[in-house]
file protein29.txt (compact mmCIF, C-alpha atoms)
# COMPACT_ATOMS: atom_id res chain seq x y z
CA MET A 1 -0.28 12.01 39.50
CA SER A 2 -1.56 15.41 38.46
CA ARG A 3 -4.10 15.96 35.75
CA GLN A 4 -1.43 17.72 33.71
CA ASN A 5 0.89 14.72 33.87
CA GLN A 6 -1.88 12.37 32.91
CA LEU A 7 -2.68 14.39 29.80
CA GLU A 8 0.99 14.40 28.84
CA THR A 9 1.20 10.66 29.25
CA MET A 10 -1.87 10.09 27.08
CA GLN A 11 -0.41 12.44 24.50
CA GLU A 12 2.81 10.44 24.54
CA ILE A 13 1.00 7.15 23.98
CA SER A 14 -1.05 8.56 21.13
CA ASP A 15 2.14 9.96 19.55
CA ILE A 16 3.71 6.50 19.66
CA LYS A 17 0.63 4.95 18.06
CA ARG A 18 0.51 7.61 15.38
CA ILE A 19 4.16 7.18 14.45
CA MET A 20 3.85 3.38 14.36
CA GLU A 21 0.78 3.62 12.14
CA ARG A 22 2.22 6.26 9.86
CA SER A 23 5.58 4.52 9.44
CA SER A 24 4.11 1.15 8.53
CA ARG A 25 1.13 1.95 6.31
CA PHE A 26 0.60 4.16 3.29
CA ILE A 27 -2.63 5.88 4.25
CA SER A 28 -2.99 8.45 1.49
CA LEU A 29 -4.63 6.09 -0.99
CA SER A 30 -7.75 7.94 -2.11
CA GLY A 31 -11.16 6.43 -2.82
CA LEU A 32 -11.38 8.75 -5.81
CA SER A 33 -8.40 6.87 -7.27
CA GLY A 34 -10.46 3.68 -7.18
CA ILE A 35 -13.41 5.37 -8.87
CA ALA A 36 -11.16 6.82 -11.61
CA ALA A 37 -9.50 3.46 -12.25
CA GLY A 38 -12.92 1.80 -12.40
CA LEU A 39 -14.21 4.29 -14.97
CA CYS A 40 -11.09 3.76 -17.11
CA ALA A 41 -11.67 0.01 -16.97
CA LEU A 42 -15.33 0.34 -18.02
CA ALA A 43 -14.40 2.59 -20.93
CA GLY A 44 -11.69 0.10 -21.89
CA ALA A 45 -14.12 -2.82 -21.74
CA TYR A 46 -16.54 -0.91 -23.96
CA PHE A 47 -13.90 -0.31 -26.63
CA ALA A 48 -12.64 -3.89 -26.37
CA ASN A 49 -16.17 -5.11 -26.90
CA ASN A 50 -16.45 -3.01 -30.09
CA ILE A 51 -13.12 -4.32 -31.37
CA LEU A 52 -14.19 -7.92 -30.69
CA ASN A 53 -17.54 -7.40 -32.43
CA ASP A 54 -15.77 -6.04 -35.50
CA TYR A 55 -13.49 -9.04 -35.51
CA PHE A 56 -16.21 -11.63 -35.19
CA SER A 57 -18.34 -10.02 -37.90
CA GLU A 58 -15.52 -10.95 -40.32
CA TYR A 59 -14.57 -14.16 -38.58
CA ASN A 60 -13.58 -16.92 -41.00
CA HIS A 61 -14.30 -20.47 -39.83
CA GLY A 62 -11.77 -21.90 -42.25
CA THR A 63 -8.70 -20.16 -40.86
CA GLY A 64 -9.93 -19.88 -37.26
CA TYR A 65 -7.72 -17.97 -34.87
CA THR A 66 -4.61 -18.15 -37.00
CA ASP A 67 -5.03 -15.61 -39.82
CA ARG A 68 -3.76 -12.04 -40.05
CA ASN A 69 -7.01 -10.64 -38.71
CA PHE A 70 -6.33 -12.45 -35.48
CA ASP A 71 -2.83 -11.00 -35.22
CA SER A 72 -4.17 -7.49 -35.71
CA LEU A 73 -6.89 -8.20 -33.11
CA LYS A 74 -4.23 -9.17 -30.59
CA ILE A 75 -2.24 -6.02 -31.25
CA LYS A 76 -5.32 -3.77 -31.03
CA LEU A 77 -6.36 -5.31 -27.71
CA LEU A 78 -2.84 -5.09 -26.28
CA VAL A 79 -2.53 -1.42 -27.24
CA LEU A 80 -5.96 -0.74 -25.73
CA ALA A 81 -4.97 -2.55 -22.54
CA GLY A 82 -1.79 -0.47 -22.34
CA VAL A 83 -3.70 2.80 -22.80
CA VAL A 84 -6.31 1.82 -20.18
CA LEU A 85 -3.60 0.82 -17.70
CA ALA A 86 -1.68 4.06 -18.25
CA ALA A 87 -4.81 6.22 -17.90
CA ALA A 88 -5.89 4.38 -14.74
CA LEU A 89 -2.43 4.71 -13.19
CA VAL A 90 -2.09 8.42 -13.99
CA LEU A 91 -5.58 9.31 -12.76
CA SER A 92 -5.34 7.30 -9.57
CA PHE A 93 -1.91 8.77 -8.89
CA ILE A 94 -3.32 12.29 -9.20
CA PHE A 95 -6.07 11.73 -6.63
CA THR A 96 -3.77 9.97 -4.18
CA TRP A 97 -1.12 12.67 -4.61
CA ARG A 98 -3.77 15.30 -3.92
CA ARG A 99 -4.86 13.55 -0.75
CA ALA A 100 -1.29 13.18 0.49
CA LYS A 101 -0.78 16.91 -0.08
CA GLN A 102 -3.97 17.81 1.78
CA ASN A 103 -2.79 15.75 4.76
CA HIS A 104 0.76 17.11 4.51
CA LEU A 105 2.17 13.63 4.06
CA PRO A 106 4.95 12.66 1.65
CA ILE A 107 3.77 10.79 -1.46
CA TRP A 108 6.97 8.81 -1.83
CA ASP A 109 8.28 7.51 1.47
CA LEU A 110 9.17 4.23 3.12
CA THR A 111 5.53 3.09 3.25
CA ALA A 112 4.86 3.98 -0.40
CA ARG A 113 7.92 2.01 -1.48
CA LYS A 114 6.92 -1.01 0.59
CA LEU A 115 3.38 -0.91 -0.76
CA MET A 116 4.60 -0.57 -4.34
CA TRP A 117 7.07 -3.42 -4.03
CA ASN A 118 4.58 -5.81 -2.45
CA ILE A 119 1.95 -5.06 -5.08
CA LEU A 120 4.41 -5.30 -7.95
CA ILE A 121 5.62 -8.82 -7.20
CA PRO A 122 2.33 -10.63 -7.92
CA LEU A 123 1.32 -8.06 -10.53
CA LEU A 124 4.46 -8.34 -12.68
CA SER A 125 4.48 -12.13 -12.36
CA GLY A 126 0.85 -12.15 -13.51
CA GLY A 127 1.56 -9.77 -16.36
CA LEU A 128 4.43 -11.88 -17.70
CA PHE A 129 2.37 -15.04 -17.28
CA ILE A 130 -0.47 -13.54 -19.31
CA LEU A 131 1.91 -12.42 -22.05
CA ALA A 132 3.24 -15.97 -22.20
CA MET A 133 -0.32 -17.28 -22.60
CA LEU A 134 -0.93 -14.85 -25.44
CA GLN A 135 2.33 -15.95 -27.03
CA TYR A 136 0.65 -19.35 -27.54
CA SER A 137 -2.73 -17.82 -28.45
CA GLU A 138 -4.16 -19.11 -25.20
CA TRP A 139 -6.67 -16.31 -24.67
CA ARG A 140 -9.34 -18.08 -22.64
CA PHE A 141 -7.68 -17.58 -19.28
CA VAL A 142 -6.44 -14.04 -19.82
CA ALA A 143 -9.33 -12.38 -17.97
CA PRO A 144 -9.34 -14.89 -15.08
CA ALA A 145 -5.56 -14.56 -14.73
CA CYS A 146 -5.82 -10.73 -14.70
CA LEU A 147 -8.39 -10.89 -11.91
CA ILE A 148 -6.64 -13.55 -9.84
CA PHE A 149 -3.16 -12.02 -9.97
CA TYR A 150 -4.56 -8.54 -9.33
CA GLY A 151 -6.50 -9.88 -6.34
CA LEU A 152 -3.36 -11.54 -4.97
CA ALA A 153 -1.46 -8.27 -5.44
CA LEU A 154 -4.09 -6.37 -3.44
CA VAL A 155 -4.16 -8.93 -0.63
CA ASN A 156 -0.36 -8.80 -0.47
CA GLY A 157 -0.31 -5.00 -0.51
CA SER A 158 -3.04 -4.64 2.10
CA LYS A 159 -0.45 -5.17 4.84
CA TYR A 160 1.07 -1.83 3.90
CA THR A 161 -1.98 0.36 3.33
CA LEU A 162 -5.66 0.60 4.33
CA THR A 163 -6.62 -2.94 5.32
CA ASP A 164 -10.00 -2.57 3.58
CA ILE A 165 -8.29 -3.17 0.25
CA ARG A 166 -7.84 -6.81 1.30
CA TYR A 167 -11.58 -7.43 0.76
CA LEU A 168 -11.41 -5.99 -2.73
CA GLY A 169 -8.54 -8.44 -3.32
CA TYR A 170 -10.60 -11.41 -2.09
CA LEU A 171 -13.47 -10.46 -4.40
CA GLU A 172 -11.17 -10.15 -7.42
CA ILE A 173 -9.70 -13.60 -6.73
CA VAL A 174 -13.13 -15.23 -6.35
CA LEU A 175 -14.37 -13.49 -9.49
CA GLY A 176 -11.32 -14.72 -11.42
CA LEU A 177 -11.78 -18.29 -10.23
CA VAL A 178 -15.49 -18.28 -11.15
CA ASN A 179 -14.51 -16.86 -14.53
CA THR A 180 -12.38 -19.94 -15.27
CA GLN A 181 -15.67 -21.86 -15.62
CA PHE A 182 -17.21 -19.28 -17.97
CA THR A 183 -14.32 -18.55 -20.30
CA GLY A 184 -16.42 -17.04 -23.10
CA TYR A 185 -17.49 -14.21 -20.82
CA GLY A 186 -14.03 -12.98 -19.82
CA LEU A 187 -14.67 -9.40 -20.85
CA TYR A 188 -17.79 -9.17 -18.67
CA PHE A 189 -15.98 -10.59 -15.66
CA TRP A 190 -13.10 -8.23 -16.38
CA ALA A 191 -15.46 -5.24 -16.56
CA VAL A 192 -17.09 -6.22 -13.26
CA GLY A 193 -13.78 -6.87 -11.50
CA PHE A 194 -11.81 -3.88 -12.70
CA GLY A 195 -14.70 -1.50 -13.39
CA VAL A 196 -17.65 -2.05 -11.09
CA LEU A 197 -15.75 -3.35 -8.04
CA HIS A 198 -13.23 -0.50 -8.22
CA ILE A 199 -15.99 2.07 -8.36
CA ILE A 200 -17.91 0.51 -5.45
CA TYR A 201 -14.70 0.20 -3.43
CA GLY A 202 -13.71 3.78 -4.25
CA VAL A 203 -17.08 5.18 -3.20
CA LEU A 204 -17.04 3.20 0.06
CA MET A 205 -13.49 4.32 0.89
CA TRP A 206 -14.25 7.92 0.06
CA TRP A 207 -17.35 7.76 2.21
CA LYS A 208 -15.49 6.16 5.10
CA TYR A 209 -12.26 8.18 5.20
CA GLU A 210 -12.50 11.34 3.10
CA ARG A 211 -16.06 12.64 3.24
CA ALA A 212 -15.57 14.00 6.77
CA VAL A 213 -12.48 15.92 5.73
CA VAL A 214 -14.32 17.57 2.85
CA ASN A 215 -17.20 18.59 5.12
CA VAL A 216 -14.88 20.23 7.63
CA ARG A 217 -13.36 22.44 4.96
CA MET B 1 1.73 4.32 47.27
CA LYS B 2 3.90 3.24 44.41
CA ASN B 3 5.95 5.84 42.70
CA PRO B 4 4.31 6.32 39.26
CA ILE B 5 7.69 7.12 37.74
CA ASN B 6 8.67 3.48 38.33
CA GLY B 7 9.28 1.58 35.13
CA LEU B 8 9.61 4.65 32.96
CA ASN B 9 12.79 4.56 30.91
CA LYS B 10 14.90 7.74 31.04
CA VAL B 11 16.25 7.08 27.55
CA PHE B 12 12.77 7.45 26.10
CA ASP B 13 11.83 10.75 27.68
CA ASN B 14 13.11 12.44 24.53
CA ARG B 15 10.69 12.81 21.62
CA VAL B 16 13.15 11.93 18.88
CA ARG B 17 14.38 8.78 20.63
CA LEU B 18 10.82 7.74 21.37
CA GLY B 19 9.97 8.33 17.70
CA VAL B 20 12.91 6.29 16.43
CA MET B 21 11.93 3.38 18.66
CA SER B 22 8.27 3.60 17.54
CA VAL B 23 9.29 3.43 13.88
CA LEU B 24 11.71 0.54 14.45
CA MET B 25 9.14 -1.45 16.44
CA VAL B 26 6.99 -1.84 13.32
CA ASN B 27 9.66 -1.82 10.59
CA GLU B 28 12.41 -4.41 10.35
CA GLU B 29 15.07 -2.10 8.98
CA VAL B 30 14.93 1.61 8.24
CA ASN B 31 17.60 3.85 6.74
CA PHE B 32 18.71 7.26 7.98
CA ASN B 33 16.84 9.32 5.40
CA ASP B 34 13.55 7.52 5.93
CA LEU B 35 13.83 8.06 9.69
CA LYS B 36 14.61 11.72 9.12
CA GLN B 37 11.60 12.15 6.81
CA MET B 38 9.29 10.23 9.13
CA LEU B 39 10.24 12.14 12.28
CA GLU B 40 10.82 15.54 10.65
CA VAL B 41 14.14 16.26 12.36
CA THR B 42 17.52 17.57 11.24
CA ASP B 43 20.50 15.35 10.37
CA GLY B 44 22.56 16.36 13.37
CA ASN B 45 19.72 16.02 15.84
CA LEU B 46 18.76 12.56 14.60
CA ALA B 47 22.39 11.36 14.48
CA THR B 48 22.98 12.33 18.11
CA HIS B 49 19.94 10.43 19.33
CA LEU B 50 20.76 7.39 17.20
CA VAL B 51 24.23 7.20 18.77
CA ASN B 52 22.62 7.40 22.20
CA LEU B 53 20.21 4.54 21.40
CA GLU B 54 23.03 2.48 19.96
CA ASP B 55 25.20 3.05 23.05
CA ASN B 56 22.32 1.79 25.16
CA GLY B 57 22.15 -1.36 23.06
CA TYR B 58 18.58 -0.64 21.93
CA ILE B 59 19.29 -0.41 18.19
CA ARG B 60 21.69 -2.05 15.80
CA VAL B 61 23.45 -0.08 13.08
CA HIS B 62 24.31 -1.58 9.74
CA LYS B 63 26.51 0.38 7.37
CA GLY B 64 26.01 -0.66 3.78
CA PHE B 65 26.39 0.72 0.30
CA ILE B 66 24.05 1.33 -2.60
CA GLY B 67 26.51 1.76 -5.45
CA ARG B 68 29.03 4.18 -4.00
CA LYS B 69 26.61 5.93 -1.68
CA THR B 70 26.57 4.87 1.94
CA ASN B 71 23.30 3.47 3.14
CA THR B 72 23.13 3.16 6.91
CA THR B 73 20.20 1.20 8.24
CA TYR B 74 18.92 0.80 11.76
CA ALA B 75 17.08 -2.07 13.41
CA ILE B 76 15.77 -2.62 16.91
CA THR B 77 17.55 -5.14 19.17
CA LYS B 78 15.90 -7.68 21.46
CA SER B 79 16.78 -5.63 24.51
CA GLY B 80 15.51 -2.49 22.76
CA GLU B 81 12.20 -4.18 22.08
CA LYS B 82 11.91 -5.24 25.71
CA ALA B 83 12.87 -1.80 27.06
CA PHE B 84 10.33 -0.09 24.80
CA SER B 85 7.49 -2.50 25.67
CA ASP B 86 8.24 -2.00 29.37
CA HIS B 87 8.17 1.75 28.87
CA ILE B 88 4.77 1.61 27.16
CA ALA B 89 3.43 -0.69 29.87
CA ALA B 90 4.62 1.82 32.49
CA LEU B 91 2.90 4.68 30.64
CA GLU B 92 -0.33 2.73 30.48
CA ASN B 93 -0.12 1.89 34.17
CA MET B 94 0.27 5.56 34.97
CA ILE B 95 -3.00 6.36 33.25
CA LYS B 96 -4.83 3.42 34.80
CA GLY B 97 -3.41 4.30 38.24
CA VAL B 98 -5.16 7.65 38.22
CA LYS B 99 -8.58 6.44 37.12
call {"tool": "encode", "arguments": {"input": "protein29.txt", "output": "structure tokens"}}
result
Amino acid sequence: MSRQNQLETMQEISDIKRIMERSSRFISLSGLSGIAAGLCALAGAYFANNILNDYFSEYNHGTGYTDRNFDSLKIKLLVLAGVVLAAALVLSFIFTWRRAKQNHLPIWDLTARKLMWNILIPLLSGGLFILAMLQYSEWRFVAPACLIFYGLALVNGSKYTLTDIRYLGYLEIVLGLVNTQFTGYGLYFWAVGFGVLHIIYGVLMWWKYERAVVNVR
Amino acid sequence: MKNPINGLNKVFDNRVRLGVMSVLMVNEEVNFNDLKQMLEVTDGNLATHLVNLEDNGYIRVHKGFIGRKTNTTYAITKSGEKAFSDHIAALENMIKGVK
């Protein structure tokens, strides 16, 4: 076989591999998205901490967790959680969209849909479960449940994107399970899981996959 | 000496057909538009090659509906899987044979 033929054959094999990879995994997920989401979470935890401090400074042992102050606390925290979630989603979308554009890949294709669907199943179940807990003023396991369901969502989604995200998922699950034994410290565990871990993960991913691209430019 | 062309499948010497098979090897079921987007080809071009693969028994076509819009999906068949694996094995042998 001639040298020319051999090169063509190798090219053909690498084309097959590339198409298989590209059609089964969403590879545009940016490390910067992780960092942005982590920063949102830390800011959110900071504000939540302030809100909780305000509440406990006026805490009345007679009425406990049943008075109107408690209802307003729940609403404040839920609104804050919604804002943090929205900010994290928008920012991480922007960075991932930017990366997809740089690589001339579609942002919304078969792989994106598969990834989204597989992440949403555990995430929505977890979200509804947590709302049900709050319905009965069962707040102690909110942070652990957030971490555990989010971790499960990442592990489930890792089949359809960068496999590294699986390890972030494992860590979130472990953190959530440990948190069940330290229920008074939910906010700290939450800040570590959604803030610190996201930032570390984001930096590592950026370093591993995107730094080279920036240097070439 | 063995002929290095042995084992290569004629059906797969076209880029689009090779691409379709690659996508369907790793995805259970893919619809027309996703294939088109993934392989960056025109409607007509893709349709022709899909008919060819179907005639060879390598892919299975399923015509469905989402609301009133048709949604045609494609999946690989057992014999398609075998033919494609054999083709890849033949390609790999060609490279090894030269070394």
call {"tool": "interface_residues", "arguments": {"input": "protein29.txt", "of": "chain A", "to": "chain B", "cutoff": "12 Å", "atoms": "all atoms listed in the file", "output": "ChimeraX atom specification"}}
result
/A:1-25,104-114,159-160
call {"tool": "residues_around", "arguments": {"input": "protein29.txt", "residues": "Val79 of chain A", "least_positions_apart": "4", "cutoff": "12 Å", "atoms": "only C-alpha atoms", "output": "PDB file with C-alpha atoms, in the frame of the given file"}}
result
ATOM      1  CA  GLY A  44     -11.690   0.100 -21.890  1.00  0.00           C
ATOM      2  CA  PHE A  47     -13.900  -0.310 -26.630  1.00  0.00           C
ATOM      3  CA  ALA A  48     -12.640  -3.890 -26.370  1.00  0.00           C
ATOM      4  CA  ILE A  51     -13.120  -4.320 -31.370  1.00  0.00           C
ATOM      5  CA  SER A  72      -4.170  -7.490 -35.710  1.00  0.00           C
ATOM      6  CA  LEU A  73      -6.890  -8.200 -33.110  1.00  0.00           C
ATOM      7  CA  LYS A  74      -4.230  -9.170 -30.590  1.00  0.00           C
ATOM      8  CA  ILE A  75      -2.240  -6.020 -31.250  1.00  0.00           C
ATOM      9  CA  VAL A  83      -3.700   2.800 -22.800  1.00  0.00           C
ATOM     10  CA  VAL A  84      -6.310   1.820 -20.180  1.00  0.00           C
ATOM     11  CA  LEU A  85      -3.600   0.820 -17.700  1.00  0.00           C
ATOM     12  CA  ALA A  86      -1.680   4.060 -18.250  1.00  0.00           C
TER      13      ALA A  86
END
call {"tool": "atom_distance", "arguments": {"input": "protein29.txt", "atom1": "atom CA of Leu147 of chain A", "atom2": "atom CA of Arg211 of chain A"}}
result
29.0 Å
call {"tool": "residues_near_point", "arguments": {"input": "protein29.txt", "point": "(18.3, 0.9, 25.1)", "cutoff": "12 Å", "atoms": "only C-alpha atoms", "output": "ChimeraX atom specification"}}
result
/B:9-12,17-18,20-21,49-60,76-87
call {"tool": "atom_distance", "arguments": {"input": "protein29.txt", "atom1": "atom CA of Lys63 of chain B", "atom2": "atom CA of Thr42 of chain B"}}
result
19.8 Å
call {"tool": "atom_distance", "arguments": {"input": "protein29.txt", "atom1": "atom CA of Ile119 of chain A", "atom2": "atom CA of Gly169 of chain A"}}
result
11.2 Å
call {"tool": "residues_around", "arguments": {"input": "protein29.txt", "residues": "Ile200 of chain A", "least_positions_apart": "6", "cutoff": "12 Å", "atoms": "all atoms listed in the file", "output": "JSON, numbers by chain"}}
result
{"A": [31, 32, 33, 34, 35, 36, 37, 38, 39, 165, 167, 168, 171, 192, 193, 194, 206, 207]}
call {"tool": "residues_around", "arguments": {"input": "protein29.txt", "residues": "Leu128 of chain A", "least_positions_apart": "6", "cutoff": "12 Å", "atoms": "only C-alpha atoms", "output": "list in words"}}
result
Leu120, Ile121, Pro122, Leu134, Gln135, Val142, Ala145, Cys146 and Phe149 of chain A
call {"tool": "closest_residue", "arguments": {"input": "protein29.txt", "among": "A:Leu154, A:Tyr59, A:Thr180, A:Leu124", "to": "Arg140 of chain A", "atoms": "only C-alpha atoms"}}
result
A:Thr180
call {"tool": "axis_aligned_box", "arguments": {"input": "protein29.txt", "around": "segment 33-50 of chain B", "padding_each_side": "6 Å", "output": "AutoDock Vina command-line options"}}
result
--center_x 16.1 --center_y 12.5 --center_z 12.4 --size_x 25.7 --size_y 22.2 --size_z 25.9
call {"tool": "build_atoms", "arguments": {"input": "protein29.txt", "residues": "segment 63-75 of chain B", "atoms": "N, CA and C atoms", "output": "tab-separated table (two decimals), keeping the file's coordinate frame"}}
result
chain	number	residue	atom	x	y	z
B	63	LYS	N	26.02	-0.54	8.41
B	63	LYS	CA	26.51	0.38	7.37
B	63	LYS	C	26.68	-0.38	6.07
B	64	GLY	N	25.92	0.02	5.07
B	64	GLY	CA	26.01	-0.66	3.78
B	64	GLY	C	26.22	0.34	2.67
B	65	PHE	N	26.22	-0.15	1.45
B	65	PHE	CA	26.39	0.72	0.30
B	65	PHE	C	25.32	0.43	-0.75
B	66	ILE	N	24.84	1.50	-1.38
B	66	ILE	CA	24.05	1.33	-2.60
B	66	ILE	C	24.88	1.99	-3.68
B	67	GLY	N	25.53	1.21	-4.52
B	67	GLY	CA	26.51	1.76	-5.45
B	67	GLY	C	27.66	2.30	-4.62
B	68	ARG	N	27.95	3.59	-4.78
B	68	ARG	CA	29.03	4.18	-4.00
B	68	ARG	C	28.51	4.95	-2.80
B	69	LYS	N	27.16	5.14	-2.79
B	69	LYS	CA	26.61	5.93	-1.68
B	69	LYS	C	26.44	5.06	-0.44
B	70	THR	N	26.76	5.64	0.72
B	70	THR	CA	26.57	4.87	1.94
B	70	THR	C	25.09	4.79	2.24
B	71	ASN	N	24.68	3.64	2.75
B	71	ASN	CA	23.30	3.47	3.14
B	71	ASN	C	23.30	2.82	4.53
B	72	THR	N	23.10	3.66	5.54
B	72	THR	CA	23.13	3.16	6.91
B	72	THR	C	21.72	2.82	7.36
B	73	THR	N	21.54	1.59	7.78
B	73	THR	CA	20.20	1.20	8.24
B	73	THR	C	20.22	0.89	9.73
B	74	TYR	N	19.06	1.01	10.32
B	74	TYR	CA	18.92	0.80	11.76
B	74	TYR	C	17.83	-0.23	12.03
B	75	ALA	N	18.08	-1.08	13.01
B	75	ALA	CA	17.08	-2.07	13.41
B	75	ALA	C	17.05	-2.13	14.93
